[in-house]
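Q: Okay, handing you the structure first.
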Amino acid sequence: MEDLKRMAVFAAVVQAGSMTAAARQLGMTPSAVSQHIRQLERQAGVTLLHRSTRQIALSDAGQRFYVQCATLADAAQRARAELVAERQQPSGELRLSAPVGFARHAAPALGAWLARFPQLRLGLLLDDATIDLIQARVDVALRFGHLPDSTWVARKLASTPNWLCAAPRWVAAQPQPLQHPEQLSSAHWLALYRSGDALRTLQWRHRGTQALYSLQLLPHLHSNHQMAVQELCEAGLGVALLSAIDVADRVRDGHLVRLLPNWEMGLLDIWAVTPQRDAQPAKVRQAIAELQAYFAQLDGTLR
């Protein structure tokens with residue numbers, strides 16, 4: 001590494017025309033610059049610069065050596081410029097990991113932004129299982145709910161309430177109107193599959209009285225895809241706990257019914273997770289900003 005630094009100093013001296021001028025440009029003392037040149041000459045065993053009190057001149061060996069040093073310095077400058085550009089304007093590939101249910105949100109959330117930067121590419125990795133950010137080379141991961149301790153950096157984008165839902169046909173088939181969670185003890189429950197966690201505990205808080213109720217259940221049907229759970233629910237096969245961000249429009253259009261709306265079932269936080277905090281490129285910073293703006297205006301989210 002020291003040799004590379006000395007080669008860069010040598011190129012700067014030739015381009016500046018003197019060691020004093022090069023020292024000013026490099027933020028070094030003239031004696032330090034001179035020491036770098038002498039060390040290069042000692043290592044090579046040849047004279048690179050002829051010096052006088054007023055000027056310097058390249059030797060034959062110095063002329064040939066300078067061409068290579070200048071090429072090296074130019075390459076380093078271009079590399080620095082690439083990093084600056086990466087920091088200021090999005091480019092390259094953005095690898096975004098998200099649950100399968102995000103597929104319908106991808107275009108409205110990021111489409112206009114991607115169109116503004118044609119040099120930017122999107123790699124969208126959809127999986128309800130947790131993806132290792134480093135192994136999959138993920139720039140940003142959308143995560144929902146509680147985050148386990150890790151070295152990743154998480155930024156909260158929004159929160160969405162948990163809604164207990166069923167299809168209209170399921171509601172119509174019930175012998176009595178639902179008024180309390182205890183009436184659901186014998187219902188067929190639909191849930192997202194979680195390895196090693198068969199029994200589930202659901203908790204409610206009454207919006208008015210603040211009364212608490214909990215129910216332990218064994219899902220009748222489960223899937224490793226949240227969208228499959230929602231579709232099973234819409235088909236009338238049981239009751240499911242779904243996020244408002246996913247089903248607000250389906251409830252509004254009558255495909256689903258929100259059960260026990262006076263009983264709250266907590267919030268699901270939405271996070272943008274990145275492998276590092278510092279020196280994030282523009283594509284990562286802007287993607288997170290676009291996602292946050294999108295969720296802010298979406299039905300079923302709390303800011």
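Just so we're on the same page: first chain in the structure tokens is A, next is B, and so on; residues restart at 1 for each chain, and ligands are numbered from 1 in the order they show up.
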Which neighbours of Gln292 in chain A fall inside 10 Å, counting only C-alpha atoms, when residues of the same chain fewer than 5 positions from it are skipped, and could you give them as a PyMOL selection string?

A: chain A and resi 109+155-158+270-272+286-287+297+303

Q: Would you list the contacts of Leu110 in chain A as a ChimeraX atom specification, taking every protein, DNA or RNA residue within 10 Å and counting only C-alpha atoms, but skipping same-chain residues closer than 4 positions in sequence?

A: /A:105-106,114-115,122,286-288,290-291,294

Q: Would you write out those residues with all heavy atoms, as a tab-separated table (two decimals), in the first residue's frame?

A:
chain	number	residue	atom	x	y	z
A	105	HIS	N	-47.95	-4.61	-3.91
A	105	HIS	CA	-47.59	-3.24	-3.53
A	105	HIS	C	-46.34	-2.74	-4.26
A	105	HIS	O	-46.07	-1.54	-4.27
A	105	HIS	CB	-47.34	-3.16	-2.03
A	105	HIS	CG	-48.53	-3.46	-1.18
A	105	HIS	ND1	-49.60	-2.60	-1.06
A	105	HIS	CD2	-48.82	-4.55	-0.41
A	105	HIS	CE1	-50.50	-3.12	-0.24
A	105	HIS	NE2	-50.05	-4.31	0.16
A	106	ALA	N	-45.57	-3.65	-4.85
A	106	ALA	CA	-44.26	-3.28	-5.39
A	106	ALA	C	-44.37	-2.20	-6.46
A	106	ALA	O	-43.65	-1.18	-6.42
A	106	ALA	CB	-43.56	-4.51	-5.96
A	114	LEU	N	-38.62	4.14	-9.91
A	114	LEU	CA	-37.78	3.39	-10.84
A	114	LEU	C	-37.81	4.01	-12.23
A	114	LEU	O	-36.80	4.03	-12.93
A	114	LEU	CB	-38.25	1.93	-10.91
A	114	LEU	CG	-37.99	1.08	-9.66
A	114	LEU	CD1	-38.76	-0.23	-9.73
A	114	LEU	CD2	-36.50	0.82	-9.49
A	115	ALA	N	-38.96	4.53	-12.64
A	115	ALA	CA	-39.08	5.15	-13.97
A	115	ALA	C	-38.24	6.40	-14.09
A	115	ALA	O	-37.77	6.74	-15.19
A	115	ALA	CB	-40.54	5.46	-14.28
A	122	LEU	N	-34.20	-3.33	-10.41
A	122	LEU	CA	-34.79	-3.86	-9.17
A	122	LEU	C	-34.74	-5.37	-9.20
A	122	LEU	O	-35.18	-6.02	-10.15
A	122	LEU	CB	-36.24	-3.41	-9.02
A	122	LEU	CG	-37.01	-4.00	-7.82
A	122	LEU	CD1	-36.39	-3.53	-6.50
A	122	LEU	CD2	-38.48	-3.63	-7.88
A	286	GLN	N	-33.08	6.27	-0.92
A	286	GLN	CA	-34.28	6.71	-1.62
A	286	GLN	C	-35.36	5.63	-1.63
A	286	GLN	O	-36.56	5.93	-1.54
A	286	GLN	CB	-33.93	7.14	-3.04
A	286	GLN	CG	-33.09	8.41	-3.09
A	286	GLN	CD	-32.93	8.95	-4.51
A	286	GLN	OE1	-33.74	8.67	-5.40
A	286	GLN	NE2	-31.89	9.72	-4.72
A	287	ALA	N	-34.97	4.36	-1.74
A	287	ALA	CA	-35.95	3.28	-1.71
A	287	ALA	C	-36.70	3.27	-0.37
A	287	ALA	O	-37.93	3.12	-0.34
A	287	ALA	CB	-35.28	1.93	-1.95
A	288	ILE	N	-35.98	3.45	0.72
A	288	ILE	CA	-36.61	3.48	2.03
A	288	ILE	C	-37.57	4.66	2.14
A	288	ILE	O	-38.68	4.54	2.65
A	288	ILE	CB	-35.55	3.52	3.14
A	288	ILE	CG1	-34.77	2.20	3.18
A	288	ILE	CG2	-36.17	3.81	4.50
A	288	ILE	CD1	-33.61	2.19	4.15
A	290	GLU	N	-39.14	6.14	-0.35
A	290	GLU	CA	-40.30	5.86	-1.20
A	290	GLU	C	-41.26	4.89	-0.51
A	290	GLU	O	-42.48	5.06	-0.56
A	290	GLU	CB	-39.84	5.28	-2.54
A	290	GLU	CG	-39.07	6.24	-3.42
A	290	GLU	CD	-39.95	7.34	-3.99
A	290	GLU	OE1	-41.14	7.09	-4.24
A	290	GLU	OE2	-39.43	8.46	-4.19
A	291	LEU	N	-40.73	3.87	0.12
A	291	LEU	CA	-41.57	2.90	0.83
A	291	LEU	C	-42.30	3.55	2.00
A	291	LEU	O	-43.49	3.29	2.21
A	291	LEU	CB	-40.71	1.73	1.32
A	291	LEU	CG	-40.16	0.80	0.24
A	291	LEU	CD1	-39.08	-0.11	0.81
A	291	LEU	CD2	-41.28	-0.02	-0.39
A	294	TYR	N	-45.12	5.62	0.68
A	294	TYR	CA	-46.20	4.78	0.16
A	294	TYR	C	-47.05	4.25	1.30
A	294	TYR	O	-48.30	4.33	1.27
A	294	TYR	CB	-45.61	3.63	-0.65
A	294	TYR	CG	-46.66	2.61	-1.07
A	294	TYR	CD1	-47.55	2.89	-2.09
A	294	TYR	CD2	-46.74	1.37	-0.43
A	294	TYR	CE1	-48.52	1.96	-2.47
A	294	TYR	CE2	-47.70	0.44	-0.80
A	294	TYR	CZ	-48.58	0.73	-1.82
A	294	TYR	OH	-49.53	-0.17	-2.19

Q: Give the alpha helix (DSSP H) residues of range 75-248 of chain A, as assigned by DSSP on the backbone, as a PyMOL selection string.

A: chain A and resi 75-88+103-116+168-172+226-234+244-248

Q: Need the shell around Val67 in chain A: protein/DNA/RNA residues with any atom at most 12 Å away, counting only C-alpha atoms. Skip same-chain ones fewer than 6 positions apart. Format as a VMD selection string?

A: chain A and resid 7 to 8 10 to 12 14 to 15 58 60 to 61 73 to 74

Q: Nearest to Met19 in chain A: which of A:Gln68, A:Ser31, A:Gln179, A:Thr47 is it, counting only C-alpha atoms?

A: A:Ser31
